[in-house]
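Text of the file upload-v3.cif, holding mmCIF, N, CA and C atoms:
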data_input
loop_
_atom_site.label_atom_id
_atom_site.label_comp_id
_atom_site.auth_asym_id
_atom_site.auth_seq_id
_atom_site.Cartn_x
_atom_site.Cartn_y
_atom_site.Cartn_z
N LYS D 1 -120.59 -150.89 31.71
CA LYS D 1 -119.62 -150.05 31.06
C LYS D 1 -119.23 -150.66 29.71
N GLU D 2 -119.05 -151.95 29.68
CA GLU D 2 -118.66 -152.60 28.43
C GLU D 2 -119.67 -152.31 27.32
N GLY D 3 -120.94 -152.27 27.68
CA GLY D 3 -121.98 -152.02 26.69
C GLY D 3 -121.94 -150.61 26.14
N ILE D 4 -121.33 -149.70 26.86
CA ILE D 4 -121.29 -148.30 26.43
C ILE D 4 -120.05 -148.00 25.59
N ASP D 5 -118.87 -148.43 26.08
CA ASP D 5 -117.67 -148.01 25.36
C ASP D 5 -116.65 -149.13 25.12
N LEU D 6 -117.03 -150.36 25.32
CA LEU D 6 -116.14 -151.51 25.08
C LEU D 6 -114.84 -151.42 25.86
N TYR D 7 -114.92 -151.11 27.13
CA TYR D 7 -113.81 -151.11 28.07
C TYR D 7 -113.03 -149.80 28.10
N THR D 8 -112.35 -149.62 29.21
CA THR D 8 -111.45 -148.49 29.38
C THR D 8 -110.13 -148.84 28.72
N GLY D 9 -109.47 -147.85 28.16
CA GLY D 9 -108.20 -148.09 27.50
C GLY D 9 -107.15 -148.64 28.45
N SER D 10 -106.26 -149.45 27.94
CA SER D 10 -105.22 -150.09 28.75
C SER D 10 -104.28 -149.08 29.39
N LEU D 11 -103.94 -148.03 28.67
CA LEU D 11 -103.04 -147.02 29.22
C LEU D 11 -103.67 -146.35 30.45
N GLY D 12 -104.92 -145.96 30.34
CA GLY D 12 -105.61 -145.34 31.48
C GLY D 12 -105.68 -146.28 32.67
N GLN D 13 -105.92 -147.57 32.43
CA GLN D 13 -105.95 -148.54 33.51
C GLN D 13 -104.57 -148.69 34.15
N ALA D 14 -103.53 -148.72 33.35
CA ALA D 14 -102.17 -148.85 33.88
C ALA D 14 -101.80 -147.64 34.73
N ILE D 15 -102.17 -146.46 34.28
CA ILE D 15 -101.89 -145.24 35.05
C ILE D 15 -102.64 -145.28 36.38
N ALA D 16 -103.89 -145.70 36.37
CA ALA D 16 -104.67 -145.79 37.61
C ALA D 16 -104.05 -146.79 38.58
N VAL D 17 -103.60 -147.92 38.08
CA VAL D 17 -102.96 -148.93 38.94
C VAL D 17 -101.70 -148.35 39.59
N GLU D 18 -100.87 -147.69 38.80
CA GLU D 18 -99.64 -147.12 39.34
C GLU D 18 -99.93 -146.02 40.37
N ALA D 19 -100.92 -145.19 40.09
CA ALA D 19 -101.27 -144.11 41.02
C ALA D 19 -101.74 -144.68 42.35
N CYS D 20 -102.53 -145.72 42.30
CA CYS D 20 -103.01 -146.35 43.54
C CYS D 20 -101.88 -147.07 44.26
N ALA D 21 -101.04 -147.80 43.53
CA ALA D 21 -99.93 -148.54 44.14
C ALA D 21 -98.93 -147.59 44.78
N ASP D 22 -98.75 -146.42 44.18
CA ASP D 22 -97.81 -145.43 44.69
C ASP D 22 -98.35 -144.69 45.91
N GLY D 23 -99.64 -144.84 46.20
CA GLY D 23 -100.24 -144.13 47.33
C GLY D 23 -100.76 -142.75 46.97
N LEU D 24 -100.71 -142.40 45.70
CA LEU D 24 -101.17 -141.08 45.27
C LEU D 24 -102.62 -140.84 45.69
N LEU D 25 -103.46 -141.81 45.46
CA LEU D 25 -104.88 -141.66 45.80
C LEU D 25 -105.05 -141.47 47.31
N ASP D 26 -104.36 -142.27 48.10
CA ASP D 26 -104.45 -142.16 49.56
C ASP D 26 -103.97 -140.80 50.06
N ARG D 27 -102.97 -140.25 49.41
CA ARG D 27 -102.46 -138.92 49.80
C ARG D 27 -103.39 -137.81 49.33
N HIS D 28 -104.06 -138.03 48.22
CA HIS D 28 -104.88 -136.98 47.62
C HIS D 28 -106.27 -136.85 48.26
N ILE D 29 -106.82 -137.92 48.75
CA ILE D 29 -108.18 -137.90 49.30
C ILE D 29 -108.34 -136.89 50.44
N PRO D 30 -107.45 -136.84 51.43
CA PRO D 30 -107.62 -135.83 52.49
C PRO D 30 -107.63 -134.40 51.96
N TYR D 31 -106.80 -134.13 50.96
CA TYR D 31 -106.77 -132.79 50.36
C TYR D 31 -108.11 -132.47 49.70
N ILE D 32 -108.61 -133.41 48.91
CA ILE D 32 -109.89 -133.18 48.22
C ILE D 32 -111.02 -133.00 49.23
N CYS D 33 -111.02 -133.79 50.29
CA CYS D 33 -112.05 -133.64 51.32
C CYS D 33 -112.02 -132.24 51.92
N GLN D 34 -110.83 -131.72 52.19
CA GLN D 34 -110.70 -130.37 52.75
C GLN D 34 -111.21 -129.31 51.76
N VAL D 35 -110.79 -129.43 50.50
CA VAL D 35 -111.22 -128.46 49.49
C VAL D 35 -112.73 -128.50 49.31
N TYR D 36 -113.31 -129.69 49.21
CA TYR D 36 -114.76 -129.81 49.03
C TYR D 36 -115.51 -129.26 50.25
N ARG D 37 -115.00 -129.53 51.45
CA ARG D 37 -115.65 -129.01 52.66
C ARG D 37 -115.66 -127.49 52.65
N GLU D 38 -114.53 -126.89 52.30
CA GLU D 38 -114.46 -125.42 52.25
C GLU D 38 -115.42 -124.86 51.20
N ARG D 39 -115.46 -125.47 50.03
CA ARG D 39 -116.34 -124.98 48.97
C ARG D 39 -117.81 -125.21 49.33
N ARG D 40 -118.10 -126.34 49.96
CA ARG D 40 -119.48 -126.58 50.42
C ARG D 40 -119.90 -125.48 51.38
N ASP D 41 -119.03 -125.17 52.34
CA ASP D 41 -119.37 -124.16 53.34
C ASP D 41 -119.53 -122.78 52.71
N ILE D 42 -118.74 -122.47 51.71
CA ILE D 42 -118.87 -121.20 50.99
C ILE D 42 -120.22 -121.14 50.29
N MET D 43 -120.59 -122.24 49.62
CA MET D 43 -121.89 -122.26 48.94
C MET D 43 -123.03 -122.16 49.94
N LEU D 44 -122.92 -122.85 51.05
CA LEU D 44 -123.98 -122.78 52.07
C LEU D 44 -124.14 -121.35 52.60
N SER D 45 -123.02 -120.69 52.85
CA SER D 45 -123.08 -119.29 53.31
C SER D 45 -123.70 -118.39 52.26
N ALA D 46 -123.33 -118.60 51.01
CA ALA D 46 -123.89 -117.78 49.93
C ALA D 46 -125.39 -118.02 49.79
N LEU D 47 -125.82 -119.26 49.90
CA LEU D 47 -127.25 -119.56 49.84
C LEU D 47 -127.99 -118.86 50.98
N GLU D 48 -127.44 -118.95 52.17
CA GLU D 48 -128.07 -118.32 53.35
C GLU D 48 -128.20 -116.81 53.15
N ALA D 49 -127.19 -116.21 52.57
CA ALA D 49 -127.18 -114.76 52.40
C ALA D 49 -128.05 -114.28 51.24
N SER D 50 -128.27 -115.13 50.23
CA SER D 50 -128.85 -114.65 48.98
C SER D 50 -130.23 -115.18 48.62
N MET D 51 -130.55 -116.38 49.00
CA MET D 51 -131.77 -117.01 48.48
C MET D 51 -133.05 -116.37 49.02
N PRO D 52 -134.03 -116.26 48.15
CA PRO D 52 -135.31 -115.71 48.60
C PRO D 52 -136.04 -116.71 49.52
N ALA D 53 -137.04 -116.20 50.20
CA ALA D 53 -137.83 -117.03 51.11
C ALA D 53 -138.45 -118.20 50.35
N GLY D 54 -138.55 -119.32 51.02
CA GLY D 54 -139.19 -120.49 50.44
C GLY D 54 -138.23 -121.46 49.77
N VAL D 55 -136.95 -121.09 49.66
CA VAL D 55 -135.95 -121.98 49.07
C VAL D 55 -135.22 -122.67 50.21
N ARG D 56 -135.12 -124.01 50.12
CA ARG D 56 -134.44 -124.80 51.15
C ARG D 56 -133.32 -125.61 50.50
N TRP D 57 -132.35 -126.05 51.32
CA TRP D 57 -131.24 -126.83 50.78
C TRP D 57 -130.70 -127.77 51.84
N THR D 58 -129.98 -128.78 51.35
CA THR D 58 -129.35 -129.75 52.24
C THR D 58 -127.99 -129.25 52.69
N LYS D 59 -127.48 -129.84 53.74
CA LYS D 59 -126.09 -129.63 54.16
C LYS D 59 -125.42 -131.01 54.12
N PRO D 60 -124.85 -131.36 52.98
CA PRO D 60 -124.27 -132.70 52.85
C PRO D 60 -123.04 -132.88 53.73
N GLU D 61 -122.87 -134.09 54.24
CA GLU D 61 -121.69 -134.41 55.03
C GLU D 61 -120.54 -134.88 54.16
N GLY D 62 -120.80 -135.12 52.90
CA GLY D 62 -119.77 -135.55 51.96
C GLY D 62 -120.25 -135.28 50.55
N GLY D 63 -119.49 -135.76 49.60
CA GLY D 63 -119.88 -135.60 48.21
C GLY D 63 -119.51 -134.25 47.65
N MET D 64 -120.24 -133.86 46.58
CA MET D 64 -119.91 -132.61 45.91
C MET D 64 -121.14 -131.88 45.40
N PHE D 65 -122.31 -132.21 45.95
CA PHE D 65 -123.55 -131.59 45.50
C PHE D 65 -124.41 -131.14 46.66
N LEU D 66 -125.18 -130.09 46.42
CA LEU D 66 -126.25 -129.66 47.33
C LEU D 66 -127.56 -129.88 46.62
N TRP D 67 -128.58 -130.25 47.37
CA TRP D 67 -129.91 -130.45 46.82
C TRP D 67 -130.77 -129.26 47.25
N ILE D 68 -131.36 -128.60 46.28
CA ILE D 68 -132.17 -127.40 46.52
C ILE D 68 -133.64 -127.75 46.28
N THR D 69 -134.49 -127.30 47.18
CA THR D 69 -135.93 -127.42 46.99
C THR D 69 -136.50 -126.01 46.94
N MET D 70 -137.13 -125.69 45.82
CA MET D 70 -137.72 -124.38 45.60
C MET D 70 -139.20 -124.43 45.97
N PRO D 71 -139.87 -123.30 46.03
CA PRO D 71 -141.32 -123.32 46.26
C PRO D 71 -142.02 -124.16 45.19
N THR D 72 -143.18 -124.67 45.50
CA THR D 72 -143.87 -125.60 44.61
C THR D 72 -144.20 -124.99 43.25
N TRP D 73 -144.32 -123.68 43.15
CA TRP D 73 -144.64 -123.05 41.85
C TRP D 73 -143.45 -123.08 40.89
N ALA D 74 -142.25 -123.28 41.42
CA ALA D 74 -141.05 -123.20 40.58
C ALA D 74 -140.83 -124.50 39.80
N ASP D 75 -140.45 -124.38 38.57
CA ASP D 75 -140.11 -125.51 37.71
C ASP D 75 -138.62 -125.42 37.39
N GLY D 76 -137.86 -126.41 37.84
CA GLY D 76 -136.41 -126.39 37.69
C GLY D 76 -135.95 -126.20 36.26
N THR D 77 -136.63 -126.80 35.32
CA THR D 77 -136.23 -126.67 33.92
C THR D 77 -136.43 -125.24 33.44
N LYS D 78 -137.52 -124.60 33.83
CA LYS D 78 -137.75 -123.21 33.45
C LYS D 78 -136.77 -122.27 34.17
N VAL D 79 -136.47 -122.60 35.42
CA VAL D 79 -135.48 -121.80 36.14
C VAL D 79 -134.13 -121.92 35.45
N LEU D 80 -133.79 -123.11 35.00
CA LEU D 80 -132.51 -123.32 34.31
C LEU D 80 -132.40 -122.46 33.06
N ILE D 81 -133.45 -122.40 32.29
CA ILE D 81 -133.43 -121.58 31.07
C ILE D 81 -133.09 -120.14 31.40
N ARG D 82 -133.74 -119.61 32.42
CA ARG D 82 -133.48 -118.22 32.83
C ARG D 82 -132.08 -118.09 33.43
N ALA D 83 -131.66 -119.08 34.19
CA ALA D 83 -130.35 -119.03 34.83
C ALA D 83 -129.22 -119.04 33.80
N VAL D 84 -129.37 -119.84 32.76
CA VAL D 84 -128.33 -119.91 31.72
C VAL D 84 -128.17 -118.55 31.05
N GLU D 85 -129.25 -117.79 30.94
CA GLU D 85 -129.14 -116.43 30.42
C GLU D 85 -128.23 -115.57 31.29
N ARG D 86 -128.14 -115.92 32.58
CA ARG D 86 -127.27 -115.21 33.53
C ARG D 86 -125.92 -115.90 33.69
N ARG D 87 -125.67 -116.88 32.85
CA ARG D 87 -124.40 -117.63 32.85
C ARG D 87 -124.17 -118.42 34.13
N VAL D 88 -125.22 -119.06 34.59
CA VAL D 88 -125.10 -119.99 35.71
C VAL D 88 -125.97 -121.21 35.37
N ALA D 89 -125.48 -122.39 35.72
CA ALA D 89 -126.21 -123.61 35.36
C ALA D 89 -126.25 -124.58 36.53
N PHE D 90 -127.17 -125.51 36.45
CA PHE D 90 -127.35 -126.56 37.45
C PHE D 90 -128.08 -127.70 36.76
N VAL D 91 -128.30 -128.78 37.48
CA VAL D 91 -129.07 -129.89 36.93
C VAL D 91 -130.45 -129.86 37.57
N PRO D 92 -131.50 -129.74 36.77
CA PRO D 92 -132.85 -129.79 37.35
C PRO D 92 -133.06 -131.11 38.08
N GLY D 93 -133.66 -131.03 39.25
CA GLY D 93 -133.86 -132.21 40.08
C GLY D 93 -134.73 -133.28 39.46
N SER D 94 -135.62 -132.89 38.56
CA SER D 94 -136.52 -133.86 37.94
C SER D 94 -135.74 -134.96 37.22
N ALA D 95 -134.50 -134.68 36.81
CA ALA D 95 -133.68 -135.68 36.14
C ALA D 95 -133.34 -136.86 37.06
N PHE D 96 -133.51 -136.70 38.35
CA PHE D 96 -133.16 -137.74 39.31
C PHE D 96 -134.37 -138.51 39.83
N PHE D 97 -135.54 -138.23 39.30
CA PHE D 97 -136.76 -138.90 39.72
C PHE D 97 -137.20 -139.85 38.62
N ALA D 98 -136.99 -141.13 38.82
CA ALA D 98 -137.28 -142.12 37.78
C ALA D 98 -138.75 -142.18 37.42
N ASN D 99 -139.62 -141.90 38.37
CA ASN D 99 -141.07 -142.00 38.13
C ASN D 99 -141.75 -140.64 38.06
N GLY D 100 -141.00 -139.61 37.72
CA GLY D 100 -141.55 -138.26 37.63
C GLY D 100 -141.49 -137.56 38.97
N GLY D 101 -141.71 -136.27 38.95
CA GLY D 101 -141.67 -135.47 40.17
C GLY D 101 -140.38 -134.68 40.27
N GLY D 102 -140.22 -134.01 41.40
CA GLY D 102 -139.02 -133.23 41.64
C GLY D 102 -138.89 -132.01 40.78
N ASP D 103 -140.00 -131.56 40.19
CA ASP D 103 -139.94 -130.41 39.28
C ASP D 103 -139.42 -129.15 39.97
N ASN D 104 -139.66 -129.02 41.25
CA ASN D 104 -139.25 -127.81 41.97
C ASN D 104 -137.92 -128.02 42.71
N THR D 105 -137.07 -128.89 42.19
CA THR D 105 -135.79 -129.15 42.83
C THR D 105 -134.64 -128.97 41.83
N MET D 106 -133.43 -128.86 42.37
CA MET D 106 -132.24 -128.76 41.54
C MET D 106 -131.04 -129.28 42.32
N ARG D 107 -130.02 -129.67 41.58
CA ARG D 107 -128.76 -130.14 42.19
C ARG D 107 -127.67 -129.15 41.81
N LEU D 108 -126.98 -128.64 42.82
CA LEU D 108 -125.88 -127.70 42.60
C LEU D 108 -124.56 -128.38 42.93
N ASN D 109 -123.55 -128.14 42.11
CA ASN D 109 -122.22 -128.70 42.33
C ASN D 109 -121.31 -127.63 42.91
N PHE D 110 -120.56 -128.00 43.94
CA PHE D 110 -119.63 -127.05 44.54
C PHE D 110 -118.17 -127.49 44.41
N SER D 111 -117.90 -128.60 43.76
CA SER D 111 -116.54 -129.15 43.75
C SER D 111 -115.60 -128.49 42.74
N TYR D 112 -116.13 -127.92 41.68
CA TYR D 112 -115.28 -127.47 40.58
C TYR D 112 -114.90 -125.98 40.66
N SER D 113 -115.86 -125.16 40.95
CA SER D 113 -115.66 -123.70 40.85
C SER D 113 -114.88 -123.14 42.02
N SER D 114 -114.22 -122.03 41.76
CA SER D 114 -113.48 -121.32 42.81
C SER D 114 -114.48 -120.70 43.79
N PRO D 115 -114.01 -120.36 44.99
CA PRO D 115 -114.90 -119.71 45.96
C PRO D 115 -115.60 -118.47 45.41
N ASP D 116 -114.87 -117.62 44.69
CA ASP D 116 -115.50 -116.41 44.13
C ASP D 116 -116.58 -116.76 43.12
N LEU D 117 -116.33 -117.75 42.27
CA LEU D 117 -117.34 -118.16 41.29
C LEU D 117 -118.55 -118.80 41.97
N LEU D 118 -118.32 -119.53 43.05
CA LEU D 118 -119.45 -120.12 43.79
C LEU D 118 -120.35 -119.01 44.33
N ARG D 119 -119.74 -118.01 44.94
CA ARG D 119 -120.53 -116.90 45.47
C ARG D 119 -121.30 -116.18 44.36
N GLU D 120 -120.61 -115.90 43.26
CA GLU D 120 -121.24 -115.22 42.14
C GLU D 120 -122.37 -116.05 41.54
N GLY D 121 -122.13 -117.34 41.37
CA GLY D 121 -123.15 -118.22 40.80
C GLY D 121 -124.40 -118.29 41.67
N VAL D 122 -124.21 -118.40 42.97
CA VAL D 122 -125.36 -118.44 43.88
C VAL D 122 -126.11 -117.12 43.83
N GLN D 123 -125.39 -116.02 43.77
CA GLN D 123 -126.05 -114.71 43.69
C GLN D 123 -126.86 -114.59 42.41
N ARG D 124 -126.30 -115.03 41.30
CA ARG D 124 -127.04 -114.98 40.03
C ARG D 124 -128.29 -115.85 40.10
N LEU D 125 -128.14 -117.04 40.65
CA LEU D 125 -129.28 -117.95 40.78
C LEU D 125 -130.35 -117.36 41.71
N ALA D 126 -129.93 -116.76 42.79
CA ALA D 126 -130.87 -116.13 43.72
C ALA D 126 -131.62 -114.99 43.03
N THR D 127 -130.93 -114.23 42.20
CA THR D 127 -131.56 -113.15 41.45
C THR D 127 -132.65 -113.70 40.53
N VAL D 128 -132.33 -114.78 39.83
CA VAL D 128 -133.30 -115.42 38.93
C VAL D 128 -134.52 -115.87 39.72
N LEU D 129 -134.30 -116.54 40.85
CA LEU D 129 -135.43 -117.03 41.65
C LEU D 129 -136.25 -115.87 42.21
N GLY D 130 -135.58 -114.80 42.60
CA GLY D 130 -136.31 -113.63 43.06
C GLY D 130 -137.17 -113.02 41.97
N GLU D 131 -136.63 -112.92 40.78
CA GLU D 131 -137.42 -112.39 39.65
C GLU D 131 -138.61 -113.28 39.33
N LEU D 132 -138.37 -114.58 39.29
CA LEU D 132 -139.47 -115.52 38.99
C LEU D 132 -140.53 -115.50 40.08
N SER D 133 -140.09 -115.33 41.31
CA SER D 133 -141.04 -115.25 42.42
C SER D 133 -141.92 -114.00 42.27
N ALA D 134 -141.32 -112.89 41.91
CA ALA D 134 -142.07 -111.65 41.71
C ALA D 134 -143.07 -111.80 40.55
N GLU D 135 -142.65 -112.49 39.49
CA GLU D 135 -143.53 -112.72 38.35
C GLU D 135 -144.68 -113.65 38.72
N HIS D 136 -144.42 -114.57 39.63
CA HIS D 136 -145.43 -115.55 40.03
C HIS D 136 -146.57 -114.92 40.83
N ARG D 137 -146.25 -113.86 41.57
CA ARG D 137 -147.25 -113.24 42.44
C ARG D 137 -148.37 -112.65 41.68
#
Represent the structure contained in this file as structure tokens.
Amino acid sequence: KEGIDLYTGSLGQAIAVEACADGLLDRHIPYICQVYRERRDIMLSALEASMPAGVRWTKPEGGMFLWITMPTWADGTKVLIRAVERRVAFVPGSAFFANGGGDNTMRLNFSYSSPDLLREGVQRLATVLGELSAEHR
């Protein structure tokens, strides 16, 4: 971290210390876990209802991301370009493979968006994948 930004500011560090000493973090973690679990489940339901055949995904027990594996013909970067046209974005999975690969994968975040936006985003992404699948045939 020091090599990137020459330390975190003192004020931010002092605020973090006080928040932890006050128990704020301990009180907040159960709430965040509940919210993330609900949003994860909403995204999983939306994926189940919307995704075309051949798309698979993880069911994480924690965290804030789902890992999607598309059919081998799909390229995450190309899917992203089309998805952004529909106002939905994700991180192509290839970014997480240090030695190459993962072109047909993507990482979806469920922690930030509201339930309605999660459903809408998954539907838009499913539409893109369905169109690309039809074009691939």
For this session: Could you check how far atom C of Arg40 (chain D) sits from atom N of Thr72 (chain D), in Å to one decimal?
Result: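 Result for atom C of Arg40 (chain D) versus atom N of Thr72 (chain D): 24.0 Å, one decimal.
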Query raised in the report: How many Å lie between atom C of Cys20 (chain D) and atom N of Thr8 (chain D), rounded to one decimal?
Result: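 One can read the atom C of Cys20 (chain D) to atom N of Thr8 (chain D) distance as 18.5 Å.
A straight line drawn from CA of Ile68 (chain D) to CA of Pro30 (chain D) is 26.6 Å long.
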With distances taken over all atoms listed in the file, which of D:Ile42, D:Glu120, D:Pro92, D:His136 is nearest to Leu80 (chain D)?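 Ranking D:Ile42, D:Glu120, D:Pro92, D:His136 by distance to Leu80 (chain D), first place goes to D:Pro92.
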Residue with smallest distance to Thr105 (chain D) - pool D:Ala74, D:Cys33, D:Leu47, D:Met64, counting only N, CA and C atoms =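 With only N, CA and C atoms as the atom set, the closest residue is D:Ala74.
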For this structure, which residues satisfy the selection - the PyMOL selection byres ((chain D and resi 111-115) around 6.5) - when it is evaluated on the file as given? I want them as a PyMOL selection string. chain D and resi 36+39+64-65+109-110+116-120
Could you please take those selected residues and save N, CA and C atoms as a compact mmCIF listing (two decimals), in the coordinates of the input?
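Below is the file again26.txt, written as the result:
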# COMPACT_ATOMS: atom_id res chain seq x y z
N TYR D 36 -113.31 -129.69 49.21
CA TYR D 36 -114.76 -129.81 49.03
C TYR D 36 -115.51 -129.26 50.25
N ARG D 39 -115.46 -125.47 50.03
CA ARG D 39 -116.34 -124.98 48.97
C ARG D 39 -117.81 -125.21 49.33
N MET D 64 -120.24 -133.86 46.58
CA MET D 64 -119.91 -132.61 45.91
C MET D 64 -121.14 -131.88 45.40
N PHE D 65 -122.31 -132.21 45.95
CA PHE D 65 -123.55 -131.59 45.50
C PHE D 65 -124.41 -131.14 46.66
N ASN D 109 -123.55 -128.14 42.11
CA ASN D 109 -122.22 -128.70 42.33
C ASN D 109 -121.31 -127.63 42.91
N PHE D 110 -120.56 -128.00 43.94
CA PHE D 110 -119.63 -127.05 44.54
C PHE D 110 -118.17 -127.49 44.41
N ASP D 116 -114.87 -117.62 44.69
CA ASP D 116 -115.50 -116.41 44.13
C ASP D 116 -116.58 -116.76 43.12
N LEU D 117 -116.33 -117.75 42.27
CA LEU D 117 -117.34 -118.16 41.29
C LEU D 117 -118.55 -118.80 41.97
N LEU D 118 -118.32 -119.53 43.05
CA LEU D 118 -119.45 -120.12 43.79
C LEU D 118 -120.35 -119.01 44.33
N ARG D 119 -119.74 -118.01 44.94
CA ARG D 119 -120.53 -116.90 45.47
C ARG D 119 -121.30 -116.18 44.36
N GLU D 120 -120.61 -115.90 43.26
CA GLU D 120 -121.24 -115.22 42.14
C GLU D 120 -122.37 -116.05 41.54
Notebook entry, point to check: In terms of the shortest atom-to-atom distance over only C-alpha atoms, which of D:Ala46, D:Ala53, D:Ala95, D:Met106 is closest to Arg124 (chain D)?
Noted result: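 Smallest separation from Arg124 (chain D) among the options: D:Ala46.
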DSSP-assigned strand (DSSP E or B) among chain D, expressed as a PyMOL selection string:
chain D and resi 56-57+65-69+91-92+105-109
Determine, counting only C-alpha atoms, which protein, DNA and RNA residues have an atom within 6 Å of an atom of Leu66 (chain D); residues of the same chain fewer than 5 positions away are not included. Present the result as a ChimeraX atom specification.
-> /D:58,107-108
So, with all atoms listed in the file as the atoms that count, which of D:Gly93, D:Val79, D:Glu85, D:Arg37 lies closest to Gly63 (chain D)?
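When distances to Gly63 (chain D) are compared using all atoms listed in the file, the smallest one comes from D:Arg37.
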Given the PyMOL selection byres (((chain D and resi 73 and name CA) around 12) and name CA) and the file above, list the residues it selects as number ranges by chain. D: 54-55, 69-72, 74-76, 78-79, 102-105, 129, 132-137
Prev. selection, N, CA and C atoms, output as a tab-separated table (two decimals), in the coordinates of the input:
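After the write, selection.tsv holds the following:
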chain	number	residue	atom	x	y	z
D	54	GLY	N	-138.55	-119.32	51.02
D	54	GLY	CA	-139.19	-120.49	50.44
D	54	GLY	C	-138.23	-121.46	49.77
D	55	VAL	N	-136.95	-121.09	49.66
D	55	VAL	CA	-135.95	-121.98	49.07
D	55	VAL	C	-135.22	-122.67	50.21
D	69	THR	N	-134.49	-127.30	47.18
D	69	THR	CA	-135.93	-127.42	46.99
D	69	THR	C	-136.50	-126.01	46.94
D	70	MET	N	-137.13	-125.69	45.82
D	70	MET	CA	-137.72	-124.38	45.60
D	70	MET	C	-139.20	-124.43	45.97
D	71	PRO	N	-139.87	-123.30	46.03
D	71	PRO	CA	-141.32	-123.32	46.26
D	71	PRO	C	-142.02	-124.16	45.19
D	72	THR	N	-143.18	-124.67	45.50
D	72	THR	CA	-143.87	-125.60	44.61
D	72	THR	C	-144.20	-124.99	43.25
D	74	ALA	N	-142.25	-123.28	41.42
D	74	ALA	CA	-141.05	-123.20	40.58
D	74	ALA	C	-140.83	-124.50	39.80
D	75	ASP	N	-140.45	-124.38	38.57
D	75	ASP	CA	-140.11	-125.51	37.71
D	75	ASP	C	-138.62	-125.42	37.39
D	76	GLY	N	-137.86	-126.41	37.84
D	76	GLY	CA	-136.41	-126.39	37.69
D	76	GLY	C	-135.95	-126.20	36.26
D	78	LYS	N	-137.52	-124.60	33.83
D	78	LYS	CA	-137.75	-123.21	33.45
D	78	LYS	C	-136.77	-122.27	34.17
D	79	VAL	N	-136.47	-122.60	35.42
D	79	VAL	CA	-135.48	-121.80	36.14
D	79	VAL	C	-134.13	-121.92	35.45
D	102	GLY	N	-140.22	-134.01	41.40
D	102	GLY	CA	-139.02	-133.23	41.64
D	102	GLY	C	-138.89	-132.01	40.78
D	103	ASP	N	-140.00	-131.56	40.19
D	103	ASP	CA	-139.94	-130.41	39.28
D	103	ASP	C	-139.42	-129.15	39.97
D	104	ASN	N	-139.66	-129.02	41.25
D	104	ASN	CA	-139.25	-127.81	41.97
D	104	ASN	C	-137.92	-128.02	42.71
D	105	THR	N	-137.07	-128.89	42.19
D	105	THR	CA	-135.79	-129.15	42.83
D	105	THR	C	-134.64	-128.97	41.83
D	129	LEU	N	-134.30	-116.54	40.85
D	129	LEU	CA	-135.43	-117.03	41.65
D	129	LEU	C	-136.25	-115.87	42.21
D	132	LEU	N	-138.37	-114.58	39.29
D	132	LEU	CA	-139.47	-115.52	38.99
D	132	LEU	C	-140.53	-115.50	40.08
D	133	SER	N	-140.09	-115.33	41.31
D	133	SER	CA	-141.04	-115.25	42.42
D	133	SER	C	-141.92	-114.00	42.27
D	134	ALA	N	-141.32	-112.89	41.91
D	134	ALA	CA	-142.07	-111.65	41.71
D	134	ALA	C	-143.07	-111.80	40.55
D	135	GLU	N	-142.65	-112.49	39.49
D	135	GLU	CA	-143.53	-112.72	38.35
D	135	GLU	C	-144.68	-113.65	38.72
D	136	HIS	N	-144.42	-114.57	39.63
D	136	HIS	CA	-145.43	-115.55	40.03
D	136	HIS	C	-146.57	-114.92	40.83
D	137	ARG	N	-146.25	-113.86	41.57
D	137	ARG	CA	-147.25	-113.24	42.44
D	137	ARG	C	-148.37	-112.65	41.68
Going by DSSP on the backbone, which residues of chain D come out as alpha helix (DSSP H)? List them as a ChimeraX atom specification. /D:2-5,10-21,24-50,76-85,115-136
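Closest to Ala83 (chain D) among D:Ala49, D:Leu44, D:Ala21, D:Leu125 is D:Leu125, based on all atoms listed in the file.
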